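Engineer: I'd like to ask you about the structure that follows.
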Amino acid sequence: AAAEPVGKQVNYQIIGIDPGAGLMKQTTQALKDYELTDWKLVEGSSAAMAAALDKAYKNKKPIIVTGWTPHWMFAKYELKYLQDPKGVYGKDEQIHTIVRNGLKEDSPSAYEMLNRFEWTPDEMAVVMSAVTDGKKPEEAAAAWVKDNAAKVDAWVKDLKEEKGKKLKLAYVAWDSEIASTNVVKAVLEERLGYKVEMLQVEAGPMWAGIADGSADAIVAAWLPTTHKDYFDKYKGKFEDLGPNLNGTKLGLVVPTYMNIDSIEDLKT
Ligand code: PBE
């Protein structure tokens, strides 16, 4: 017998993440542009999406999730991005470090460390995988900082300690950003003496916090596409310190055992 259409197999559902994520806006746009009128994007969180994927994968059940790279799920499961011939999910972009206006004057060493901070998807993967394997994020970050002393040395070289000075890092509980924010916190605390507070928020409040100064820095800005709305909304109210990671991707992700290759295949 002919296989059931993929929509029927997955109940016309795409498993999404937190509603403030750029990935959710892009996926809503994809449903429009590919005329997937019967389909629904399910809101949730990164963790809930990963749990749904894990469950489906273990049972070899069909599932479609919103996904991104860098993410540990590509190491743990055999997955593929659905092709996006209309280019809804944009091209390669970077993850940027953004700080509040005035941080340079108030906390020059932290500002300069944040300005120098950059790493690779492979390096981030080490921290992400350790967390997936059950390590606490702060422990995984501390281990990475210890194992990569030479790299970290360059981030703090010739910078003055600012003992006890407070700093707030805002972030969203996306796996990639849990990793990067914890690493930056560890370096600022261990190497420069700061007392760092991590504020876990949604994407909208994260950007608002940088703009109104209630947060000092974020290392979680996906630009130029994914967070374009936020970037434009708060333009002039923050300082963009440029990319801290290159080599990202976003889109719809399915297990390789599914017999589809393109978002266009969802129409049938
Ligand atoms: N993400 C991870 C975020 C940026 C980092 C792709 C889920 C987003 O879509 O906004």
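If you're wondering about the labels, chains in the structure tokens are A, B, ... by order shown, residues count from 1 in each chain, ligands from 1 in order shown.
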Sorted by chain and rising residue number, which residues of chain A lie within 7 Å of ligand 1, and what are their closest atom pairs and distances in Å to one decimal, counting only C-alpha atoms and all ligand atoms, as JSON lines?

Structural biologist:
```
{"residue": "A:Gly20", "atom": "CA", "partner": "ligand 1", "partner_atom_place_in_ligand_line": "10 (O)", "distance": 6.8}
{"residue": "A:Ala21", "atom": "CA", "partner": "ligand 1", "partner_atom_place_in_ligand_line": "10 (O)", "distance": 3.4}
{"residue": "A:Gly22", "atom": "CA", "partner": "ligand 1", "partner_atom_place_in_ligand_line": "10 (O)", "distance": 3.7}
{"residue": "A:Leu23", "atom": "CA", "partner": "ligand 1", "partner_atom_place_in_ligand_line": "9 (O)", "distance": 3.6}
{"residue": "A:Met24", "atom": "CA", "partner": "ligand 1", "partner_atom_place_in_ligand_line": "9 (O)", "distance": 6.4}
{"residue": "A:Trp68", "atom": "CA", "partner": "ligand 1", "partner_atom_place_in_ligand_line": "6 (C)", "distance": 5.3}
{"residue": "A:Trp174", "atom": "CA", "partner": "ligand 1", "partner_atom_place_in_ligand_line": "2 (C)", "distance": 5.5}
{"residue": "A:Ser176", "atom": "CA", "partner": "ligand 1", "partner_atom_place_in_ligand_line": "2 (C)", "distance": 6.6}
{"residue": "A:Glu177", "atom": "CA", "partner": "ligand 1", "partner_atom_place_in_ligand_line": "5 (C)", "distance": 6.7}
{"residue": "A:Ala203", "atom": "CA", "partner": "ligand 1", "partner_atom_place_in_ligand_line": "10 (O)", "distance": 6.9}
{"residue": "A:Ala220", "atom": "CA", "partner": "ligand 1", "partner_atom_place_in_ligand_line": "5 (C)", "distance": 6.4}
{"residue": "A:Ala221", "atom": "CA", "partner": "ligand 1", "partner_atom_place_in_ligand_line": "4 (C)", "distance": 6.8}
{"residue": "A:Trp222", "atom": "CA", "partner": "ligand 1", "partner_atom_place_in_ligand_line": "4 (C)", "distance": 5.5}
{"residue": "A:Thr226", "atom": "CA", "partner": "ligand 1", "partner_atom_place_in_ligand_line": "10 (O)", "distance": 5.8}
{"residue": "A:His227", "atom": "CA", "partner": "ligand 1", "partner_atom_place_in_ligand_line": "10 (O)", "distance": 6.2}
{"residue": "A:Leu250", "atom": "CA", "partner": "ligand 1", "partner_atom_place_in_ligand_line": "6 (C)", "distance": 6.2}
```

Engineer: Restrict the selected residues to N, CA and C atoms and save them as a short mmCIF file (atom, residue, chain, number, x, y, z; two decimals), in the first residue's frame.

Structural biologist:
```cif
data_model
loop_
_atom_site.label_atom_id
_atom_site.label_comp_id
_atom_site.auth_asym_id
_atom_site.auth_seq_id
_atom_site.Cartn_x
_atom_site.Cartn_y
_atom_site.Cartn_z
N GLY A 20 9.25 33.09 21.59
CA GLY A 20 10.05 34.27 21.27
C GLY A 20 11.23 33.99 20.34
N ALA A 21 11.53 32.72 20.10
CA ALA A 21 12.68 32.37 19.26
C ALA A 21 12.46 32.83 17.82
N GLY A 22 13.51 33.33 17.20
CA GLY A 22 13.44 33.70 15.80
C GLY A 22 13.03 32.52 14.93
N LEU A 23 13.50 31.36 15.32
CA LEU A 23 13.17 30.12 14.61
C LEU A 23 11.66 29.89 14.52
N MET A 24 10.92 30.32 15.52
CA MET A 24 9.46 30.17 15.50
C MET A 24 8.83 31.14 14.50
N TRP A 68 18.29 23.64 15.04
CA TRP A 68 19.38 24.54 14.69
C TRP A 68 20.72 23.91 15.00
N TRP A 174 18.24 28.03 25.46
CA TRP A 174 18.55 27.26 24.27
C TRP A 174 19.87 26.53 24.57
N SER A 176 22.52 25.76 22.99
CA SER A 176 23.75 26.42 22.55
C SER A 176 24.09 27.60 23.47
N GLU A 177 23.08 28.32 23.91
CA GLU A 177 23.30 29.52 24.72
C GLU A 177 23.53 29.18 26.19
N ALA A 203 13.31 35.37 24.78
CA ALA A 203 14.10 36.16 23.83
C ALA A 203 13.73 37.65 23.84
N ALA A 220 24.07 35.64 22.90
CA ALA A 220 23.02 34.80 22.33
C ALA A 220 22.25 35.47 21.19
N ALA A 221 22.88 36.43 20.51
CA ALA A 221 22.18 37.17 19.46
C ALA A 221 22.47 36.55 18.10
N TRP A 222 21.47 35.98 17.48
CA TRP A 222 21.65 35.34 16.17
C TRP A 222 21.34 36.36 15.08
N THR A 226 17.97 35.87 12.25
CA THR A 226 17.05 35.27 13.22
C THR A 226 16.51 36.28 14.24
N HIS A 227 17.37 37.17 14.70
CA HIS A 227 16.93 38.16 15.68
C HIS A 227 16.80 39.56 15.09
N LEU A 250 19.60 26.96 10.59
CA LEU A 250 18.28 26.75 11.20
C LEU A 250 17.35 26.13 10.18
#
```

Engineer: With range 154-169 of chain A as the partner and 7 Å as the cut-off, tabulate the residues of range 185-216 of chain A that qualify, each row holding the nearest pair of atoms and their distance in Å to one decimal, using only C-alpha atoms, sorted by chain and rising number, as CSV.

Structural biologist:
```
residue,atom,partner,partner_atom,distance
A:Leu192,CA,A:Glu161,CA,4.4
A:Gly193,CA,A:Lys163,CA,4.4
A:Tyr194,CA,A:Lys165,CA,5.0
A:Lys195,CA,A:Lys166,CA,4.8
A:Val196,CA,A:Leu167,CA,4.8
A:Glu197,CA,A:Lys168,CA,4.8
A:Met198,CA,A:Leu169,CA,4.9
A:Leu199,CA,A:Leu169,CA,6.0
A:Ala215,CA,A:Lys168,CA,5.2
A:Asp216,CA,A:Lys168,CA,5.2
```

Engineer: Could you save the residues just selected, with N, CA and C atoms, as a PDB file, in the first residue's frame?

Structural biologist:
```pdb
ATOM      1  N   LEU A 192      38.803  37.028  36.049  1.00  0.00           N
ATOM      2  CA  LEU A 192      38.769  38.483  36.212  1.00  0.00           C
ATOM      3  C   LEU A 192      38.090  38.928  37.500  1.00  0.00           C
ATOM      4  N   GLY A 193      37.639  37.956  38.299  1.00  0.00           N
ATOM      5  CA  GLY A 193      37.125  38.289  39.629  1.00  0.00           C
ATOM      6  C   GLY A 193      35.706  38.825  39.708  1.00  0.00           C
ATOM      7  N   TYR A 194      35.010  38.866  38.580  1.00  0.00           N
ATOM      8  CA  TYR A 194      33.629  39.374  38.614  1.00  0.00           C
ATOM      9  C   TYR A 194      32.705  38.428  39.370  1.00  0.00           C
ATOM     10  N   LYS A 195      31.601  38.986  39.832  1.00  0.00           N
ATOM     11  CA  LYS A 195      30.525  38.207  40.414  1.00  0.00           C
ATOM     12  C   LYS A 195      29.402  38.239  39.385  1.00  0.00           C
ATOM     13  N   VAL A 196      29.204  37.121  38.698  1.00  0.00           N
ATOM     14  CA  VAL A 196      28.288  37.116  37.546  1.00  0.00           C
ATOM     15  C   VAL A 196      26.962  36.461  37.900  1.00  0.00           C
ATOM     16  N   GLU A 197      25.899  37.158  37.529  1.00  0.00           N
ATOM     17  CA  GLU A 197      24.561  36.601  37.686  1.00  0.00           C
ATOM     18  C   GLU A 197      24.022  36.253  36.304  1.00  0.00           C
ATOM     19  N   MET A 198      23.464  35.048  36.180  1.00  0.00           N
ATOM     20  CA  MET A 198      22.847  34.659  34.905  1.00  0.00           C
ATOM     21  C   MET A 198      21.337  34.815  35.018  1.00  0.00           C
ATOM     22  N   LEU A 199      20.755  35.567  34.075  1.00  0.00           N
ATOM     23  CA  LEU A 199      19.310  35.794  34.075  1.00  0.00           C
ATOM     24  C   LEU A 199      18.682  34.983  32.947  1.00  0.00           C
ATOM     25  N   ALA A 215      20.274  44.269  31.972  1.00  0.00           N
ATOM     26  CA  ALA A 215      21.284  43.225  31.749  1.00  0.00           C
ATOM     27  C   ALA A 215      22.509  43.885  31.137  1.00  0.00           C
ATOM     28  N   ASP A 216      23.690  43.316  31.415  1.00  0.00           N
ATOM     29  CA  ASP A 216      24.925  43.917  30.906  1.00  0.00           C
ATOM     30  C   ASP A 216      25.350  43.369  29.552  1.00  0.00           C
TER      31      ASP A 216
END
```

Engineer: Kindly indicate which residue among A:Asp122, A:Asp229, A:Glu190, A:Asp147 lies nearest to Leu245 in chain A, using only C-alpha atoms for the distances.

Structural biologist: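 Among the listed residues, the smallest separation from Leu245 in chain A belongs to A:Asp122.
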
Engineer: Determine, using only C-alpha atoms, which residues of range 78-107 of chain A have any atom at most 12 Å from an atom of range 69-73 of chain A, and tabulate each with its shortest atom pair and distance in Å to one decimal place, rows ordered by chain and then rising number, as CSV.

Structural biologist:
```
residue,atom,partner,partner_atom,distance
A:Glu78,CA,A:Met73,CA,8.4
A:Leu79,CA,A:Met73,CA,8.1
A:Lys80,CA,A:Met73,CA,10.7
A:Tyr81,CA,A:Thr69,CA,10.1
A:Asp92,CA,A:Thr69,CA,10.4
A:Glu93,CA,A:Thr69,CA,10.8
A:Gln94,CA,A:Thr69,CA,10.9
A:Ile95,CA,A:Pro70,CA,10.4
```

Engineer: Apply DSSP to the backbone of this structure and, from range 64-245 of chain A, keep only the residues in strand (DSSP E); write these as an MDAnalysis selection string.

Structural biologist: chainID A and resid 65:69 79:81 94:100 166:171 195:200 217:223 238:245

Engineer: Quick one: pull the distance between CA of Lys249 in chain A and CA of Lys91 in chain A, Å, one decimal.

Structural biologist: 7.6 Å

Engineer: My list of candidates is A:Gly16, A:Asp106, A:Ala75, A:Lys228. Which is closest to Val126 in chain A when distances are computed with only C-alpha atoms?

Structural biologist: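 So, comparing all the options, the nearest one is A:Ala75.
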
Engineer: Can you tell me, as a list in words, what residues are no more than 9 Å from Val254 in chain A when counting only C-alpha atoms, ignoring any on the same chain fewer than 4 positions away?

Structural biologist: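 The filter keeps Leu53, Pro62, Ile63, Ile64, Val65, Thr66, Gly67, Glu78, Leu79, Lys80, Tyr81, Leu82, Met258, Ile260 and Asp261 of chain A.
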
Engineer: Once you have the residues from the selection above, write them out as a CSV table (one decimal), in the first residue's frame, restricted to C-alpha atoms.

Structural biologist:
```csv
chain,number,residue,atom,x,y,z
A,53,LEU,CA,12.4,14.0,19.4
A,62,PRO,CA,7.9,10.1,12.3
A,63,ILE,CA,8.4,13.6,13.7
A,64,ILE,CA,9.3,17.1,12.4
A,65,VAL,CA,11.0,19.6,14.8
A,66,THR,CA,12.4,23.1,14.5
A,67,GLY,CA,16.1,22.7,14.8
A,78,GLU,CA,20.8,10.6,12.7
A,79,LEU,CA,19.0,13.7,11.4
A,80,LYS,CA,18.6,15.8,8.3
A,81,TYR,CA,17.5,19.4,7.6
A,82,LEU,CA,14.6,19.6,5.1
A,258,MET,CA,11.8,9.6,7.2
A,260,ILE,CA,11.2,13.2,2.8
A,261,ASP,CA,13.9,15.7,1.8
```

Engineer: Could you work out how far CA of Val253 in chain A lies from CA of Thr225 in chain A, giving the answer in Å with one decimal?

Structural biologist: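 CA of Val253 in chain A lies at a distance of 18.8 Å from CA of Thr225 in chain A.
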
Engineer: From range 78-230 of chain A, collect each residue whose DSSP state is alpha helix (DSSP H) and return the set as a PyMOL selection string.

Structural biologist: chain A and resi 103-106+108-116+121-132+137-147+149-156+175-192+203-212+228-230

Engineer: What does the structure give for the distance between CA of Leu41 in chain A and CA of Gly7 in chain A, in Å to one decimal?

Structural biologist: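 Between these atoms lies a distance of 12.4 Å.
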
Engineer: Would you please work out which residue, of A:Val145, A:Val201, A:Val131, A:Leu223, is nearest to Ala179 in chain A when using only C-alpha atoms?

Structural biologist: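 Looking at the shortest contact to Ala179 in chain A, the residue is A:Val131.
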
Engineer: Using only C-alpha atoms, pick whichever of A:Met206, A:Ala173, A:Ile98, A:Met113 has the shortest atom-to-atom distance to Pro243 in chain A.

Structural biologist: A:Ile98

Engineer: So, with only C-alpha atoms as the atoms that count, which of A:Ala143, A:Ile178, A:Ile210, A:Ile218 lies closest to Ala47 in chain A?

Structural biologist: A:Ile178

Engineer: Just the residues within 9 Å of Pro5 in chain A, please, counting only C-alpha atoms, with nothing from its chain fewer than 2 positions along; format it as a PDB file with N, CA and C atoms, in the first residue's frame.

Structural biologist:
```pdb
ATOM      1  N   ALA A   2       0.350   2.299  -0.590  1.00  0.00           N
ATOM      2  CA  ALA A   2       1.097   3.554  -0.617  1.00  0.00           C
ATOM      3  C   ALA A   2       1.217   4.101   0.794  1.00  0.00           C
ATOM      4  N   ALA A   3       2.349   4.742   1.044  1.00  0.00           N
ATOM      5  CA  ALA A   3       2.555   5.303   2.388  1.00  0.00           C
ATOM      6  C   ALA A   3       1.578   6.443   2.630  1.00  0.00           C
ATOM      7  N   GLY A   7       1.960  14.478   6.353  1.00  0.00           N
ATOM      8  CA  GLY A   7       1.135  15.295   7.251  1.00  0.00           C
ATOM      9  C   GLY A   7       0.299  14.430   8.174  1.00  0.00           C
ATOM     10  N   LYS A   8      -0.332  13.442   7.589  1.00  0.00           N
ATOM     11  CA  LYS A   8      -1.155  12.536   8.391  1.00  0.00           C
ATOM     12  C   LYS A   8      -0.316  11.801   9.422  1.00  0.00           C
ATOM     13  N   GLN A   9       0.873  11.369   8.990  1.00  0.00           N
ATOM     14  CA  GLN A   9       1.745  10.612   9.903  1.00  0.00           C
ATOM     15  C   GLN A   9       2.090  11.399  11.162  1.00  0.00           C
ATOM     16  N   LEU A 266       6.114  18.382   2.290  1.00  0.00           N
ATOM     17  CA  LEU A 266       5.061  18.377   3.316  1.00  0.00           C
ATOM     18  C   LEU A 266       3.699  18.677   2.715  1.00  0.00           C
ATOM     19  N   LYS A 267       3.689  19.229   1.544  1.00  0.00           N
ATOM     20  CA  LYS A 267       2.429  19.632   0.905  1.00  0.00           C
ATOM     21  C   LYS A 267       1.565  18.453   0.458  1.00  0.00           C
ATOM     22  N   THR A 268       2.220  17.348   0.130  1.00  0.00           N
ATOM     23  CA  THR A 268       1.481  16.245  -0.471  1.00  0.00           C
ATOM     24  C   THR A 268       0.703  15.442   0.567  1.00  0.00           C
TER      25      THR A 268
END
```

Engineer: Please provide as a PyMOL selection string all residues within 7 Å of range 26-34 of chain A, with the sequence filter that same-chain residues fewer than 5 positions apart are discarded (counting only C-alpha atoms).

Structural biologist: chain A and resi 88-89+264
